[in-house]
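Participant: Take a look at the following structure, please.
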Amino acid sequence: MSEPDDCAQLLGPAGPFAQLPGFAPRAAQQQMAAAIMQAYAQSRALVVEAGTGTGKTYAYLVPALLSGQRTLISTGTRTLQDQLFHRDLPRVREVLRTGGRIALLKGRANYLCLYRMKRARGQAQLRWAEDRLRAVEDWARRTQSGELSELGALLGDDREDEALARQISSTADNCLGSRCPDFEKCHVVAARRAAQAADVVVINHHLLLADFMLKDKGFGQILSGVDAVIIDEAHQLPDLAADFFGRRVSTRQLQELARDVLLETNNCGDLPQLAETAQRLSADVTQLEQLFIAVLGGGAARLPLPRFAQGPAQHRVLDLVGESLSALRQQLAPLEERNAELAAVLERAANLLESWNHVLDEAPEEEGKEVRWVEGLLRGGSLNATPIEVAEDFRRMRERYPGTWVFTSATLALGEDFTHYQRALGLEEADALKLDSPFDYAQQARLYLPRGLPEPNDPGYSLAVCNAITPLIQAGGGGAFVLCTSHRALRQIGERLGTTLRQRVLVQGQDSRSALLDAFAEDGNAVLVGTASFWEGVDVKGRALRLVIIDRLPFAAPGDPVYEARIEAIRRRGGTPFFELQLPEAIVMLRQGAGRLIRDPSDRGLLMLCDPRITQKSYGRRVLASLPPMPQLREAEAACAFLKEISA
Ligand code: SF4
């Protein structure tokens with residue numbers, strides 16, 4: 001294995017990377033690579049905050065490739081996986097001249113399921129897609145990887161396409177696993193085998209957590225035999241882990257189970273009682289779907305389970321579903337040996353029943369550890385049990401897979417302090433390293449804190465924000481992101497700017513996220529108004545983005561049952577939820593949003609934080625201290641003058 005200093009030198013001015021076009025050696029990048037190599041040498045856990053522009057991808061790829069250890073690299077999204085695997089990894093391998101096998105593994109929804117494709121043929125409910133199914137079958141004979149993305153326009157992103165994609169791909173629920181007649185030719189199996197045999201595997205956080213939770217039984221774990229795990233975009237992990245470490249049963253899962261059992265009873269022809277039970281389950285779940293609509297209004301709202309299930313009518317519906325599911329499982333049990341399909345639906349019914357009972361039963365041992373809640377979905381909803389804290393489970397995960405663990409992101413610390421992040425994942429003993437961005441914020445950027453805006457809970461707040469930001473957008477000639485903290489503010493601000501500005505105003509929801517971002521970058525002077533999904537993972541370099549406006553501090557909206565339970569748990573142990581949870585999380589999110597502004601050493605821009613609490617409340621100092629060191633402006637004239645200067 002190479003020494004930490006070797007990694008630093010390779011990325012230094014005299015190293016081979018310096019020959020790459022556009023590569024600038026950065027001390028922070030070299031320091032990060034050396035620290036990761038050190039973590040490899042000692043099998044340690046390391047948490048690294050790498051400010052924007054550090055070049056953290058190369059900083060972990062170099063030690064990962066030189067270590068000779070089997071490494072999983074997990075990132076946040078499929079797009080980032082693709083970038084890492086198809087762009088960064090090949091470049092670094094070429095420079096280092098390293099061999100070894102590499103693999104990209106995506107979630108199973110990205111691969112063709114041969115078994116389900118064959119079953120889809122001739123199904124009455126898919127008659128509308130007959131032509132496209134034939135084209136899929138034609139492609140299936142040629143494809144090596146089975147990745148559905150190869151189908152291009154044949155599977156776009158409208159609802160019909162999504163419905164078809166669901167029919168020809170598998171879920172952990174409906175996959176037959178080793179019982180499948182197509183197991184040996186299966187694309188999911190092939191992709192996982194390639195990943196298990198590779199030295200470096202690029203996966204995503206969902207797969208990593210599902211793998212640990214053994215959600216894909218019968219496929220062998222990717223994590224087993226791994227020496228190191230590098231988690232990029234690691235700020236996303238605590239929330240995602242809570243989803244995976246909990247239990248969830250959705251009305252859709254139950255309806256799909258009932259439908260698949262019915263399909264089997266039709267094929268067998270001699271199981272009338274089972275068919276009747278499946279129909280009863282479906283009818284009971286339909287009642288549950290109606291209950292979701294009645295209580296949650298058909299929206300994506302969340303409620304604590306006790307509030308959802310508080311009347312006798314609600315109890316009755318939940319009891320009926322539980323009884324039908326239990327009866328279905330019982331009737332399936334003696335049929336396990338009959339065929340693979342019946343064995344698979346039995347396993348699904350048993351798993352769903354276990355989760356159903358877990359979510360709905362009184363479980364005193366989980367009291368105070370889990371929160372039970374429901375969520376409305378497009379049709380129906382889900383019932384959930386989510387751990388309030390994930391540190392214990394995550395610690396267990398690292399104990400089961402000991403070795404090197406690296407967690408990195410541009411936003412993990414509060415000032416110099418990593419306690420919030422380390423505590424959330426049980427990483428108290430991990431080494432921590434904070435590397436500031438190499439950008440010259442004092443030269444490149446300004447922070448503008450306007451005067452005179454009302455309190456954010458004032459009914460006229462969004463209008464006042466519009467009035468305050470309009471002159472700035474005009475002074476800069478557009479090139480602005482307006483990041484909102486709620487859909488209500490998004491609508492109000494989007495509508496208002498759309499009627500007052502002469503620049504092109506793009507509002508989240510008008511088109512897909514990527515189409516809006518492409519249009520924004522191409523226009524060069526547009527204004528994009530967005531909420532949550534635009535706060536992170538957006539990389540617009542250059543003049544097209546020169547002004548980032550944040551309407552208010554991104555405190556989590558009250559009312560989310562999981563969040564409320566976390567607040568309550570902190571209170572119970574005598575802590576202060578505001579300083580231990582709400583403020584730290586708002587700061588991480590704010591830093592993500594602010595991080596959109598300067599993406600390159602030649603970028604220049606202004607960050608405007610509208611929320612008056614930043615200057616009026618004592619915690620405002622902590623907020624400001626967490627941002628890159630930008631000169632502050634308080635007067636609109638000065639902010640406009642700066643924008644005119646950088647837009648000229
Ligand atoms: S093993 Fe699962 S994913 Fe593979 S073909 Fe069979 S059902 Fe589909």
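All residue names refer to the structure tokens as shown: chains lettered A, B, ... in order, residues numbered from 1 in each chain, ligands numbered from 1 in order.
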What does the list of residues within 10 Å of ligand 1 look like if you count only C-alpha atoms and all ligand atoms, written as an mmCIF file with C-alpha atoms, in the first residue's frame?

Facilitator:
```cif
data_model
loop_
_atom_site.group_PDB
_atom_site.id
_atom_site.type_symbol
_atom_site.label_atom_id
_atom_site.label_comp_id
_atom_site.auth_asym_id
_atom_site.auth_seq_id
_atom_site.Cartn_x
_atom_site.Cartn_y
_atom_site.Cartn_z
ATOM 1 C CA ARG A 108 -32.864 -3.295 -9.266
ATOM 2 C CA ALA A 109 -35.500 -0.979 -10.762
ATOM 3 C CA TYR A 111 -32.518 -3.556 -14.759
ATOM 4 C CA LEU A 112 -34.776 -5.660 -16.918
ATOM 5 C CA CYS A 113 -36.389 -8.563 -15.073
ATOM 6 C CA LEU A 114 -36.556 -11.377 -17.622
ATOM 7 C CA TYR A 115 -39.096 -13.291 -15.605
ATOM 8 C CA ARG A 116 -41.528 -10.394 -15.250
ATOM 9 C CA MET A 117 -41.076 -9.389 -18.876
ATOM 10 C CA LYS A 118 -42.206 -12.856 -19.946
ATOM 11 C CA ILE A 168 -40.610 -5.336 -16.618
ATOM 12 C CA SER A 169 -38.377 -4.691 -13.623
ATOM 13 C CA SER A 170 -38.419 -6.256 -10.189
ATOM 14 C CA THR A 171 -38.650 -5.147 -6.588
ATOM 15 C CA ALA A 172 -37.161 -6.866 -3.554
ATOM 16 C CA ASP A 173 -40.780 -7.878 -2.852
ATOM 17 C CA ASN A 174 -41.699 -9.535 -6.126
ATOM 18 C CA CYS A 175 -38.346 -11.010 -7.191
ATOM 19 C CA LEU A 176 -38.274 -14.809 -6.945
ATOM 20 C CA GLY A 177 -34.568 -14.843 -6.093
ATOM 21 C CA SER A 178 -32.838 -18.197 -6.358
ATOM 22 C CA ARG A 179 -36.186 -19.887 -7.079
ATOM 23 C CA CYS A 180 -36.514 -17.934 -10.325
ATOM 24 C CA PRO A 181 -36.357 -19.979 -13.553
ATOM 25 C CA ASP A 182 -34.337 -17.114 -15.104
ATOM 26 C CA PHE A 183 -31.941 -16.770 -12.179
ATOM 27 C CA GLU A 184 -28.842 -17.802 -14.118
ATOM 28 C CA LYS A 185 -29.523 -15.319 -16.933
ATOM 29 C CA CYS A 186 -30.815 -12.589 -14.624
ATOM 30 C CA HIS A 187 -29.338 -9.110 -15.186
ATOM 31 C CA VAL A 188 -29.716 -8.145 -11.523
ATOM 32 C CA VAL A 189 -27.809 -11.265 -10.514
ATOM 33 C CA ALA A 190 -25.110 -10.559 -13.123
ATOM 34 C CA ASP A 216 -32.371 -8.410 -1.146
ATOM 35 C CA GLY A 218 -30.769 -14.666 -1.666
ATOM 36 C CA PHE A 219 -28.434 -12.437 -3.687
ATOM 37 C CA GLU A 341 -44.252 -18.281 -7.430
ATOM 38 C CA ALA A 344 -42.309 -16.208 -3.221
#
```

Participant: Hey, what's within 8 Å of A:Leu383 if we count only C-alpha atoms and toss same-chain stuff fewer than 2 positions away? As a list in words, please?

Facilitator: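 The residues satisfying every condition are Arg248, Val249, Ser250, Leu305, Trp356, Val359, Arg372, Trp373, Val374, Glu375, Gly381 and Ala385 of chain A.
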
Participant: Once you have the residues from the selection above, write them out as an mmCIF file, in the first residue's frame, restricted to N, CA and C atoms.

Facilitator:
```
data_model
loop_
_atom_site.group_PDB
_atom_site.id
_atom_site.type_symbol
_atom_site.label_atom_id
_atom_site.label_comp_id
_atom_site.auth_asym_id
_atom_site.auth_seq_id
_atom_site.Cartn_x
_atom_site.Cartn_y
_atom_site.Cartn_z
ATOM 1 N N ARG A 248 -41.970 -0.467 7.083
ATOM 2 C CA ARG A 248 -42.948 0.276 6.296
ATOM 3 C C ARG A 248 -43.833 -0.711 5.562
ATOM 4 N N VAL A 249 -45.134 -0.455 5.586
ATOM 5 C CA VAL A 249 -46.071 -1.249 4.780
ATOM 6 C C VAL A 249 -46.950 -0.257 4.033
ATOM 7 N N SER A 250 -47.000 -0.384 2.708
ATOM 8 C CA SER A 250 -47.844 0.550 1.953
ATOM 9 C C SER A 250 -49.049 -0.183 1.386
ATOM 10 N N LEU A 305 -49.359 7.839 13.851
ATOM 11 C CA LEU A 305 -50.328 6.742 13.705
ATOM 12 C C LEU A 305 -51.501 6.863 14.685
ATOM 13 N N TRP A 356 -46.427 -5.312 9.373
ATOM 14 C CA TRP A 356 -47.749 -4.778 9.748
ATOM 15 C C TRP A 356 -47.947 -4.890 11.263
ATOM 16 N N VAL A 359 -45.674 -2.484 13.168
ATOM 17 C CA VAL A 359 -46.093 -1.076 13.146
ATOM 18 C C VAL A 359 -47.333 -0.871 14.015
ATOM 19 N N ARG A 372 -44.256 5.784 15.305
ATOM 20 C CA ARG A 372 -45.168 5.163 14.334
ATOM 21 C C ARG A 372 -45.978 6.262 13.674
ATOM 22 N N TRP A 373 -46.042 6.208 12.373
ATOM 23 C CA TRP A 373 -46.692 7.305 11.650
ATOM 24 C C TRP A 373 -47.213 6.820 10.308
ATOM 25 N N VAL A 374 -48.071 7.635 9.705
ATOM 26 C CA VAL A 374 -48.608 7.267 8.388
ATOM 27 C C VAL A 374 -48.315 8.394 7.408
ATOM 28 N N GLU A 375 -48.291 8.016 6.145
ATOM 29 C CA GLU A 375 -48.062 9.014 5.106
ATOM 30 C C GLU A 375 -49.036 8.771 3.961
ATOM 31 N N GLY A 381 -51.649 4.984 0.973
ATOM 32 C CA GLY A 381 -50.613 5.534 1.832
ATOM 33 C C GLY A 381 -49.766 4.427 2.426
ATOM 34 N N ALA A 385 -42.875 2.542 10.954
ATOM 35 C CA ALA A 385 -42.242 2.621 12.275
ATOM 36 C C ALA A 385 -40.796 3.023 12.006
#
```

Participant: Quick one: pick out all strand (DSSP E) residues within stretch 209-442 of chain A from a backbone DSSP run and write them as a PyMOL selection string.

Facilitator: chain A and resi 228-231+247-250+302-304+370-376+381-387+404-409+431-435

Participant: Using only C-alpha atoms, which protein or nucleic acid residues come within 12 Å of A:Gly595? Drop anything in the same chain fewer than 5 positions from it, and give the result as a PyMOL selection string.

Facilitator: chain A and resi 50-53+409-411+437+439+441+445+481+483+534-541+545+547-550+587-590+600+605-607+626-628

Participant: Take the residues from that selection and put them in a file with N, CA and C atoms, as a compact mmCIF listing (two decimals), in the first residue's frame.

Facilitator:
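As a result, part.txt now contains:
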```txt
# COMPACT_ATOMS: atom_id res chain seq x y z
N ALA A 50 -15.21 18.66 3.21
CA ALA A 50 -14.35 19.23 2.17
C ALA A 50 -15.13 20.35 1.50
N GLY A 51 -14.73 21.58 1.75
CA GLY A 51 -15.44 22.74 1.19
C GLY A 51 -15.51 22.67 -0.33
N THR A 52 -16.49 23.38 -0.90
CA THR A 52 -16.68 23.37 -2.35
C THR A 52 -15.36 23.69 -3.06
N GLY A 53 -15.05 22.89 -4.07
CA GLY A 53 -13.85 23.17 -4.86
C GLY A 53 -12.61 22.44 -4.37
N SER A 409 -18.47 15.16 2.71
CA SER A 409 -19.47 16.04 2.12
C SER A 409 -18.94 17.46 2.27
N ALA A 410 -19.59 18.41 1.59
CA ALA A 410 -19.18 19.81 1.77
C ALA A 410 -19.81 20.39 3.04
N THR A 411 -20.78 19.67 3.62
CA THR A 411 -21.47 20.22 4.79
C THR A 411 -21.70 19.15 5.85
N SER A 437 -12.84 25.54 1.74
CA SER A 437 -12.83 25.67 0.29
C SER A 437 -11.60 26.47 -0.15
N PHE A 439 -11.54 28.38 -2.61
CA PHE A 439 -11.97 29.59 -3.32
C PHE A 439 -11.68 30.83 -2.47
N TYR A 441 -13.22 33.59 -1.27
CA TYR A 441 -14.55 34.18 -1.10
C TYR A 441 -14.49 35.69 -0.90
N ALA A 445 -16.91 36.80 -3.73
CA ALA A 445 -18.32 36.82 -3.32
C ALA A 445 -18.62 37.93 -2.31
N PHE A 481 -30.73 32.36 -8.64
CA PHE A 481 -31.51 31.28 -8.02
C PHE A 481 -32.26 31.89 -6.85
N LEU A 483 -34.05 30.43 -3.76
CA LEU A 483 -34.30 29.17 -3.06
C LEU A 483 -35.30 29.40 -1.93
N PHE A 534 -33.62 21.87 -5.19
CA PHE A 534 -32.64 22.75 -5.83
C PHE A 534 -31.58 23.27 -4.84
N TRP A 535 -31.76 22.93 -3.57
CA TRP A 535 -30.81 23.43 -2.57
C TRP A 535 -29.48 22.68 -2.64
N GLU A 536 -29.50 21.46 -3.17
CA GLU A 536 -28.24 20.72 -3.22
C GLU A 536 -28.11 19.95 -4.53
N GLY A 537 -26.86 19.54 -4.81
CA GLY A 537 -26.62 18.74 -6.00
C GLY A 537 -26.76 19.52 -7.29
N VAL A 538 -26.77 20.85 -7.23
CA VAL A 538 -26.89 21.66 -8.44
C VAL A 538 -25.55 22.34 -8.66
N ASP A 539 -25.02 22.20 -9.87
CA ASP A 539 -23.68 22.70 -10.14
C ASP A 539 -23.71 23.56 -11.40
N VAL A 540 -24.02 24.85 -11.24
CA VAL A 540 -24.02 25.75 -12.40
C VAL A 540 -22.79 26.65 -12.27
N LYS A 541 -21.81 26.37 -13.11
CA LYS A 541 -20.58 27.17 -13.04
C LYS A 541 -20.71 28.40 -13.94
N LEU A 545 -24.97 31.82 -13.15
CA LEU A 545 -25.48 31.92 -11.78
C LEU A 545 -24.59 32.87 -11.00
N LEU A 547 -26.21 35.19 -8.59
CA LEU A 547 -26.96 35.67 -7.42
C LEU A 547 -27.76 34.51 -6.84
N VAL A 548 -27.53 34.21 -5.57
CA VAL A 548 -28.35 33.18 -4.89
C VAL A 548 -29.10 33.88 -3.77
N ILE A 549 -30.42 33.71 -3.79
CA ILE A 549 -31.27 34.35 -2.79
C ILE A 549 -31.94 33.26 -1.96
N ILE A 550 -31.88 33.39 -0.66
CA ILE A 550 -32.54 32.40 0.21
C ILE A 550 -33.60 33.13 1.01
N ILE A 587 -28.69 24.88 9.59
CA ILE A 587 -27.40 25.41 9.12
C ILE A 587 -26.83 24.53 8.01
N VAL A 588 -26.93 23.21 8.17
CA VAL A 588 -26.42 22.31 7.13
C VAL A 588 -27.14 22.60 5.80
N MET A 589 -28.45 22.74 5.88
CA MET A 589 -29.25 22.99 4.67
C MET A 589 -28.91 24.36 4.08
N LEU A 590 -28.76 25.36 4.95
CA LEU A 590 -28.42 26.70 4.47
C LEU A 590 -27.08 26.67 3.74
N ASP A 600 -16.44 27.60 -8.92
CA ASP A 600 -15.23 27.59 -9.73
C ASP A 600 -14.35 28.77 -9.29
N GLY A 605 -20.07 36.12 -7.32
CA GLY A 605 -21.50 36.15 -7.06
C GLY A 605 -21.85 36.73 -5.70
N LEU A 606 -23.16 36.95 -5.53
CA LEU A 606 -23.67 37.53 -4.29
C LEU A 606 -24.71 36.59 -3.68
N LEU A 607 -24.57 36.38 -2.38
CA LEU A 607 -25.55 35.58 -1.64
C LEU A 607 -26.41 36.53 -0.82
N SER A 626 -20.92 29.90 10.12
CA SER A 626 -20.84 28.63 9.39
C SER A 626 -20.69 28.84 7.88
N LEU A 627 -20.85 30.08 7.44
CA LEU A 627 -20.77 30.35 6.00
C LEU A 627 -19.33 30.69 5.60
N PRO A 628 -18.97 30.53 4.33
CA PRO A 628 -17.63 30.93 3.91
C PRO A 628 -17.41 32.42 4.20
```

Participant: To one decimal place, how far is atom CA of A:Ala300 from atom CA of A:Asp560 in Å?

Facilitator: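 Atom CA of A:Asp560 lies 11.4 Å from atom CA of A:Ala300.
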
Participant: Can you list, as a ChimeraX atom specification, every residue of stretch 462-523 of chain A that DSSP puts in alpha helix (DSSP H)?

Facilitator: /A:462-476,487-500,513-523

Participant: As a list in words, please: the residues near A:Gly107 (cut-off 8 Å, only C-alpha atoms, same-chain neighbours under 3 positions excluded).

Facilitator: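 Non-adjacent residues within range: Asn110, Tyr111, His206 and Leu207 of chain A.
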
Participant: In Å, how far is it from atom CA of A:Val285 to atom CA of A:Gly298?

Facilitator: 15.3 Å

Participant: Which residue, A:Phe578, A:Ala198, A:Val48, A:Ala641, has the smallest gap to A:Leu104 when you use only C-alpha atoms?

Facilitator: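 Looking at the shortest contact to A:Leu104, the residue is A:Ala198.
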